[in-house]
Amino acid sequence: MDVVLLSPGYPAEMAYFTRALAGVGARVIGVGDQPPHSLPEAARSSLAHYEQVDLADEGAVLGALRGLSQHVSIDRVECLWEPYMLLAARIRETFGLPGLSVEQTVPFRDKETMKRALDAAGIRTPWHVSARSVAEVWAAAEKVGYPLIVKPIAGAGSADTYRVDTAEELAAALPLLRHVPEVSVEEFVDGEEFTFDTICADGQILFEHVLWYRPRPLQMRMHEWVSPVSISLRDLSVPQLAGGRQMGRAVLAALGFRTGFTHMEWYLKENGEAVFGEIGARPPGARVVDLMNLATDGDTYAGWAQAVVHGSMPPLERRYNAGAVFKRARGEGRITHSEGLDALLGRYGEHVALLDLLPVGAPRRDWRSTVTGDGMVVVRHPELQQVIEMTEAFAADFQLFAS
């Protein structure tokens with residue numbers, strides 16, 4: 001099978017999906033805007049052919065693929081990076097290939113269209129109104145009521161997302177959204193936040209995964225001192241998750257998703273009600289795929305590739321609860337030292353599955369633009385309470401410093 005993969009080397013984790021496709025027998029044709037020498041080795045060595053073309057120029061991409069189609073049979077087009085999923089859909093329609101059409105892709109990219117489709121299917125979404133102007137935002141706020149969330153219609157994750165409790169806070173947030181052409185003004189749902197992630201083939205869920213955010217992503221983005229924690233849950237049969245899992249299946253059916261990775265976020269209110277958040281037709285970011293692998297001792301990159309190319313994947317057993325703790329250095333400039341790590345490794349070292357921190361001397365990253373911050377620690381254990389204890393300890397008692 002000849003598979004065109006858009007942006008095979010960026011973001012960095014795309015290289016592992018590229019390698020996985022080649023590993024299950026696909027001939028991978030990469031199309032991206034990186035120079036060939038800039039591709040990560042895992043991608044470069046896995047590609048049968050690479051076309052460097054500006055992905056923002058749809059005509060140039062289609063032209064390059066028309067030329068390629070004279071020499072190879074293009075069987076599928078895949079894209080795992082949010083900005084170019086509509087481009088992938090247009091390529092499919094142009095060449096008559098299987099996969100999501102433009103009409104099917106739009107609800108995964110446009111949060112307002114997404115919620116309208118799910119409202120029509122009877123799925124509980126936050127109350128929501130779209131707005132293209134300051135006046136429309138104010139009108140939407142009157143309709144939805146406070147507290148509320150303002151976020152981009154076509155955003156990914158929690159970028160440019162603000163909780164607003166009062167009219168004064170809304171007035172302060174609006175100048176920060178001038179660069180966003182359209183926003184969704186929606187109900188703030190108070191509750192715990194989880195994901196429902198899947199790998200599917202031909203409409204069947206082959207692998208499902210639930211991640212628990214501690215604290216909620218919006219709080220992670222509001223406070224620099226927070227060490228974000230994400231826990232991949234081992235036991236999905238507990239009653240608290242039933243509503244979210246059932247909702248996830250209903251969402252996939254309502255949106256007509258068939259094959260590939262999905263990443264859905266949902267809320268669990270104190271009264272037990274599950275409320276939809278949003279969904280992408282892509283894998284989760286922030287190293288969650290790596291966390292899945294550490295929780296299963298498996299390879300979900302390869303599992304996705306098997307699903308795409310062969311319509312199946314080997315079963316993966318959830319062996320552990322796996323918790324990722326992302327650290328943000330105190331101070332500005334370059335990493336100088338850390339405190340508390342040795343003591344924590346002495347106490348929990350056998351359960352530390354991954355330690356990936358910026359080295360001393362490396363520039364500190366901008367905490368506002370990356371969830372992963374200046375490094376991560378992953379711990380795992382079959383018992384959830386043990387993982388909660390360990391992640392809280394690494395969040396509170398281990399610090400990185402920069403100057």
# chains A, B, ... in the order shown; residues from 1 in each chain; ligands from 1
call {"tool": "residues_around", "arguments": {"residues": "range 241-244 of chain A", "least_positions_apart": "2", "cutoff": "9 Å", "atoms": "only C-alpha atoms", "output": "PDB file with N, CA, C and O atoms, in the first residue's frame"}}
result
ATOM      1  N   PHE A 194     -11.346  14.638  31.600  1.00  0.00           N
ATOM      2  CA  PHE A 194     -10.760  13.387  31.127  1.00  0.00           C
ATOM      3  C   PHE A 194     -10.678  13.415  29.600  1.00  0.00           C
ATOM      4  O   PHE A 194     -11.262  14.269  28.944  1.00  0.00           O
ATOM      5  N   THR A 195      -9.968  12.420  29.059  1.00  0.00           N
ATOM      6  CA  THR A 195      -9.999  12.194  27.616  1.00  0.00           C
ATOM      7  C   THR A 195     -10.673  10.866  27.331  1.00  0.00           C
ATOM      8  O   THR A 195     -10.844  10.014  28.218  1.00  0.00           O
ATOM      9  N   PHE A 196     -11.053  10.685  26.081  1.00  0.00           N
ATOM     10  CA  PHE A 196     -11.450   9.382  25.550  1.00  0.00           C
ATOM     11  C   PHE A 196     -10.758   9.282  24.208  1.00  0.00           C
ATOM     12  O   PHE A 196     -11.135   9.952  23.247  1.00  0.00           O
ATOM     13  N   VAL A 210      -8.257   6.303  28.433  1.00  0.00           N
ATOM     14  CA  VAL A 210      -8.780   7.446  29.190  1.00  0.00           C
ATOM     15  C   VAL A 210      -7.643   8.053  29.998  1.00  0.00           C
ATOM     16  O   VAL A 210      -6.935   7.353  30.725  1.00  0.00           O
ATOM     17  N   LEU A 236     -10.690   0.920  33.096  1.00  0.00           N
ATOM     18  CA  LEU A 236     -11.723   1.737  32.459  1.00  0.00           C
ATOM     19  C   LEU A 236     -13.132   1.256  32.782  1.00  0.00           C
ATOM     20  O   LEU A 236     -14.107   1.848  32.320  1.00  0.00           O
ATOM     21  N   SER A 237     -13.239   0.218  33.591  1.00  0.00           N
ATOM     22  CA  SER A 237     -14.553  -0.337  33.898  1.00  0.00           C
ATOM     23  C   SER A 237     -15.215   0.319  35.102  1.00  0.00           C
ATOM     24  O   SER A 237     -16.360   0.002  35.427  1.00  0.00           O
ATOM     25  N   VAL A 238     -14.514   1.253  35.771  1.00  0.00           N
ATOM     26  CA  VAL A 238     -15.096   1.865  36.963  1.00  0.00           C
ATOM     27  C   VAL A 238     -16.328   2.684  36.567  1.00  0.00           C
ATOM     28  O   VAL A 238     -16.369   3.285  35.480  1.00  0.00           O
ATOM     29  N   PRO A 239     -17.356   2.724  37.416  1.00  0.00           N
ATOM     30  CA  PRO A 239     -18.612   3.393  37.052  1.00  0.00           C
ATOM     31  C   PRO A 239     -18.447   4.865  36.694  1.00  0.00           C
ATOM     32  O   PRO A 239     -19.190   5.381  35.845  1.00  0.00           O
ATOM     33  N   GLN A 246     -19.345   5.918  27.041  1.00  0.00           N
ATOM     34  CA  GLN A 246     -20.548   5.782  26.229  1.00  0.00           C
ATOM     35  C   GLN A 246     -20.713   7.001  25.315  1.00  0.00           C
ATOM     36  O   GLN A 246     -21.048   6.870  24.136  1.00  0.00           O
ATOM     37  N   MET A 247     -20.467   8.176  25.876  1.00  0.00           N
ATOM     38  CA  MET A 247     -20.543   9.395  25.077  1.00  0.00           C
ATOM     39  C   MET A 247     -19.533   9.354  23.938  1.00  0.00           C
ATOM     40  O   MET A 247     -19.839   9.740  22.797  1.00  0.00           O
ATOM     41  N   GLY A 248     -18.311   8.901  24.225  1.00  0.00           N
ATOM     42  CA  GLY A 248     -17.281   8.844  23.195  1.00  0.00           C
ATOM     43  C   GLY A 248     -17.704   7.999  22.005  1.00  0.00           C
ATOM     44  O   GLY A 248     -17.510   8.395  20.847  1.00  0.00           O
ATOM     45  N   ARG A 249     -18.287   6.862  22.265  1.00  0.00           N
ATOM     46  CA  ARG A 249     -18.767   6.016  21.169  1.00  0.00           C
ATOM     47  C   ARG A 249     -19.869   6.711  20.374  1.00  0.00           C
ATOM     48  O   ARG A 249     -19.913   6.636  19.140  1.00  0.00           O
ATOM     49  N   TRP A 266     -13.605  15.357  27.772  1.00  0.00           N
ATOM     50  CA  TRP A 266     -14.945  15.438  28.359  1.00  0.00           C
ATOM     51  C   TRP A 266     -14.836  15.741  29.847  1.00  0.00           C
ATOM     52  O   TRP A 266     -13.767  15.594  30.450  1.00  0.00           O
ATOM     53  N   TYR A 267     -15.963  16.177  30.406  1.00  0.00           N
ATOM     54  CA  TYR A 267     -16.013  16.588  31.810  1.00  0.00           C
ATOM     55  C   TYR A 267     -16.928  15.656  32.595  1.00  0.00           C
ATOM     56  O   TYR A 267     -17.964  15.214  32.093  1.00  0.00           O
ATOM     57  N   LEU A 268     -16.560  15.401  33.831  1.00  0.00           N
ATOM     58  CA  LEU A 268     -17.392  14.651  34.767  1.00  0.00           C
ATOM     59  C   LEU A 268     -17.802  15.594  35.887  1.00  0.00           C
ATOM     60  O   LEU A 268     -16.977  16.010  36.706  1.00  0.00           O
ATOM     61  N   GLY A 272     -22.261  13.430  38.581  1.00  0.00           N
ATOM     62  CA  GLY A 272     -22.081  12.240  37.766  1.00  0.00           C
ATOM     63  C   GLY A 272     -22.388  12.428  36.299  1.00  0.00           C
ATOM     64  O   GLY A 272     -22.180  11.500  35.501  1.00  0.00           O
ATOM     65  N   GLU A 273     -22.849  13.620  35.891  1.00  0.00           N
ATOM     66  CA  GLU A 273     -23.169  13.866  34.490  1.00  0.00           C
ATOM     67  C   GLU A 273     -21.896  13.998  33.666  1.00  0.00           C
ATOM     68  O   GLU A 273     -20.948  14.677  34.063  1.00  0.00           O
ATOM     69  N   ALA A 274     -21.861  13.351  32.512  1.00  0.00           N
ATOM     70  CA  ALA A 274     -20.760  13.481  31.570  1.00  0.00           C
ATOM     71  C   ALA A 274     -21.124  14.531  30.528  1.00  0.00           C
ATOM     72  O   ALA A 274     -22.225  14.499  29.963  1.00  0.00           O
ATOM     73  N   VAL A 275     -20.213  15.462  30.267  1.00  0.00           N
ATOM     74  CA  VAL A 275     -20.449  16.539  29.315  1.00  0.00           C
ATOM     75  C   VAL A 275     -19.310  16.549  28.301  1.00  0.00           C
ATOM     76  O   VAL A 275     -18.134  16.519  28.669  1.00  0.00           O
ATOM     77  N   PHE A 276     -19.668  16.599  27.035  1.00  0.00           N
ATOM     78  CA  PHE A 276     -18.675  16.630  25.962  1.00  0.00           C
ATOM     79  C   PHE A 276     -17.846  17.900  26.027  1.00  0.00           C
ATOM     80  O   PHE A 276     -18.341  18.976  26.377  1.00  0.00           O
TER      81      PHE A 276
END
call {"tool": "select_by_dssp", "arguments": {"residues": "range 139-261 of chain A", "states": "helix (DSSP H, G or I)", "output": "ChimeraX atom specification"}}
result
/A:139-144,167-177,217-222,239-255
call {"tool": "select_by_dssp", "arguments": {"residues": "range 54-205 of chain A", "states": "strand (DSSP E)", "output": "VMD selection string"}}
result
chain A and resid 76 to 78 128 to 131 148 to 152 162 to 164 183 to 187 191 to 201 204 to 205
call {"tool": "residues_around", "arguments": {"residues": "range 50-62 of chain A", "least_positions_apart": "3", "cutoff": "9 Å", "atoms": "only C-alpha atoms", "output": "list in words"}}
result
Leu6, Ser7, Val28, Ile29, Gly30, Val31, Gly32, Asp33, Gln34, Pro35, Pro36, Arg44, Leu47, Leu65, Arg66, Gly67, Tyr84, Leu87, Arg90, Ile91 and Thr94 of chain A
call {"tool": "write_last_selection", "arguments": {"atoms": "N, CA, C and O atoms", "output": "tab-separated table (two decimals), in the first residue's frame"}}
result
chain	number	residue	atom	x	y	z
A	6	LEU	N	1.15	13.56	5.19
A	6	LEU	CA	1.46	14.98	5.23
A	6	LEU	C	2.25	15.31	6.49
A	6	LEU	O	1.94	14.83	7.58
A	7	SER	N	3.27	16.11	6.32
A	7	SER	CA	4.15	16.55	7.42
A	7	SER	C	4.69	15.36	8.21
A	7	SER	O	4.41	15.19	9.39
A	28	VAL	N	5.79	4.62	2.25
A	28	VAL	CA	5.39	5.92	2.77
A	28	VAL	C	5.97	7.03	1.91
A	28	VAL	O	7.20	7.11	1.72
A	29	ILE	N	5.09	7.87	1.40
A	29	ILE	CA	5.47	9.03	0.59
A	29	ILE	C	5.22	10.26	1.44
A	29	ILE	O	4.07	10.57	1.78
A	30	GLY	N	6.26	10.93	1.82
A	30	GLY	CA	6.11	12.10	2.67
A	30	GLY	C	5.93	13.37	1.86
A	30	GLY	O	6.58	13.56	0.82
A	31	VAL	N	5.05	14.23	2.31
A	31	VAL	CA	4.85	15.55	1.71
A	31	VAL	C	4.89	16.56	2.84
A	31	VAL	O	4.05	16.52	3.75
A	32	GLY	N	5.88	17.46	2.82
A	32	GLY	CA	6.01	18.42	3.90
A	32	GLY	C	6.81	19.62	3.48
A	32	GLY	O	7.37	19.66	2.37
A	33	ASP	N	6.87	20.61	4.36
A	33	ASP	CA	7.60	21.83	4.02
A	33	ASP	C	8.98	21.90	4.66
A	33	ASP	O	9.69	22.89	4.51
A	34	GLN	N	9.39	20.84	5.36
A	34	GLN	CA	10.76	20.80	5.89
A	34	GLN	C	11.73	20.38	4.79
A	34	GLN	O	11.40	19.50	3.97
A	35	PRO	N	12.93	20.95	4.74
A	35	PRO	CA	13.95	20.41	3.84
A	35	PRO	C	14.26	18.96	4.22
A	35	PRO	O	14.19	18.60	5.40
A	36	PRO	N	14.59	18.12	3.25
A	36	PRO	CA	14.84	16.71	3.56
A	36	PRO	C	15.88	16.50	4.66
A	36	PRO	O	15.71	15.62	5.51
A	44	ARG	N	13.11	10.23	8.02
A	44	ARG	CA	13.89	10.22	6.78
A	44	ARG	C	14.20	8.80	6.33
A	44	ARG	O	14.09	8.48	5.12
A	47	LEU	N	10.99	6.82	4.73
A	47	LEU	CA	10.26	7.31	3.57
A	47	LEU	C	10.77	6.68	2.28
A	47	LEU	O	11.98	6.61	2.05
A	65	LEU	N	1.27	16.02	-6.12
A	65	LEU	CA	0.70	14.68	-6.04
A	65	LEU	C	0.18	14.20	-7.39
A	65	LEU	O	0.24	12.99	-7.67
A	66	ARG	N	-0.30	15.11	-8.20
A	66	ARG	CA	-0.69	14.69	-9.56
A	66	ARG	C	0.52	14.16	-10.32
A	66	ARG	O	0.43	13.16	-11.05
A	67	GLY	N	1.65	14.83	-10.16
A	67	GLY	CA	2.86	14.34	-10.80
A	67	GLY	C	3.28	12.99	-10.26
A	67	GLY	O	3.63	12.08	-11.02
A	84	TYR	N	-3.47	20.69	8.94
A	84	TYR	CA	-3.56	20.26	7.55
A	84	TYR	C	-4.52	19.10	7.33
A	84	TYR	O	-4.46	18.41	6.31
A	87	LEU	N	-6.68	19.89	4.33
A	87	LEU	CA	-5.90	19.66	3.12
A	87	LEU	C	-5.92	18.17	2.76
A	87	LEU	O	-6.12	17.79	1.59
A	90	ARG	N	-9.20	17.31	1.20
A	90	ARG	CA	-9.33	17.78	-0.19
A	90	ARG	C	-8.53	16.88	-1.15
A	90	ARG	O	-8.95	16.63	-2.27
A	91	ILE	N	-7.38	16.40	-0.68
A	91	ILE	CA	-6.60	15.46	-1.50
A	91	ILE	C	-7.40	14.19	-1.73
A	91	ILE	O	-7.46	13.65	-2.85
A	94	THR	N	-10.04	14.82	-4.28
A	94	THR	CA	-9.47	15.03	-5.61
A	94	THR	C	-9.07	13.70	-6.26
A	94	THR	O	-9.30	13.49	-7.47
call {"tool": "closest_atom_pairs", "arguments": {"of": "range 226-297 of chain A", "to": "range 348-366 of chain A", "cutoff": "10 Å", "atoms": "only C-alpha atoms", "output": "JSON lines"}}
result
{"residue": "A:Asp290", "atom": "CA", "partner": "A:Leu354", "partner_atom": "CA", "distance": 9.8}
{"residue": "A:Leu291", "atom": "CA", "partner": "A:Leu354", "partner_atom": "CA", "distance": 9.5}
{"residue": "A:Leu294", "atom": "CA", "partner": "A:Ala353", "partner_atom": "CA", "distance": 7.2}
{"residue": "A:Ala295", "atom": "CA", "partner": "A:Ala353", "partner_atom": "CA", "distance": 9.5}
call {"tool": "write_last_selection", "arguments": {"atoms": "C-alpha atoms", "output": "mmCIF file, in the first residue's frame"}}
result
data_model
loop_
_atom_site.group_PDB
_atom_site.id
_atom_site.type_symbol
_atom_site.label_atom_id
_atom_site.label_comp_id
_atom_site.auth_asym_id
_atom_site.auth_seq_id
_atom_site.Cartn_x
_atom_site.Cartn_y
_atom_site.Cartn_z
ATOM 1 C CA ASP A 290 4.203 7.692 24.784
ATOM 2 C CA LEU A 291 2.243 7.478 28.038
ATOM 3 C CA LEU A 294 4.307 2.969 29.008
ATOM 4 C CA ALA A 295 0.903 2.024 30.437
#
call {"tool": "closest_residue", "arguments": {"among": "A:Arg319, A:Ala395, A:Val289, A:Val134", "to": "Gly340 in chain A", "atoms": "only C-alpha atoms"}}
result
A:Ala395
call {"tool": "closest_residue", "arguments": {"among": "A:Glu112, A:Glu169, A:Ala281, A:Asn321", "to": "Ala89 in chain A", "atoms": "only C-alpha atoms"}}
result
A:Ala281
call {"tool": "atom_distance", "arguments": {"atom1": "CA of Asp202 in chain A", "atom2": "CA of Pro8 in chain A"}}
result
23.4 Å
call {"tool": "residues_around", "arguments": {"residues": "Phe207 in chain A", "least_positions_apart": "3", "cutoff": "9 Å", "atoms": "only C-alpha atoms", "output": "ChimeraX atom specification"}}
result
/A:197-200,300,303,313,315-316
call {"tool": "write_last_selection", "arguments": {"atoms": "C-alpha atoms", "output": "mmCIF file, in the first residue's frame"}}
result
data_model
loop_
_atom_site.group_PDB
_atom_site.id
_atom_site.type_symbol
_atom_site.label_atom_id
_atom_site.label_comp_id
_atom_site.auth_asym_id
_atom_site.auth_seq_id
_atom_site.Cartn_x
_atom_site.Cartn_y
_atom_site.Cartn_z
ATOM 1 C CA ASP A 197 -8.861 8.366 22.964
ATOM 2 C CA THR A 198 -9.296 5.637 20.386
ATOM 3 C CA ILE A 199 -7.680 3.794 17.517
ATOM 4 C CA CYS A 200 -10.363 2.663 15.072
ATOM 5 C CA THR A 300 0.360 2.456 19.861
ATOM 6 C CA GLY A 303 -1.121 -0.097 16.452
ATOM 7 C CA MET A 313 -4.183 -4.275 15.429
ATOM 8 C CA PRO A 315 -4.682 -6.176 21.478
ATOM 9 C CA LEU A 316 -2.925 -4.035 24.068
#
call {"tool": "closest_residue", "arguments": {"among": "A:Ala393, A:Val4, A:Leu176, A:Ala64", "to": "Ala22 in chain A", "atoms": "only C-alpha atoms"}}
result
A:Val4
call {"tool": "closest_residue", "arguments": {"among": "A:Ala250, A:Met292, A:Leu97, A:Val129", "to": "Arg234 in chain A", "atoms": "only C-alpha atoms"}}
result
A:Met292
call {"tool": "residues_around", "arguments": {"residues": "Ala396 in chain A", "least_positions_apart": "3", "cutoff": "12 Å", "atoms": "only C-alpha atoms", "output": "PyMOL selection string"}}
result
chain A and resi 225-229+325-328+339-341+344+389-393+399-400
call {"tool": "atom_distance", "arguments": {"atom1": "CA of Phe188 in chain A", "atom2": "CA of Ile149 in chain A"}}
result
5.5 Å
call {"tool": "atom_distance", "arguments": {"atom1": "CA of Asn293 in chain A", "atom2": "CA of Met220 in chain A"}}
result
23.9 Å
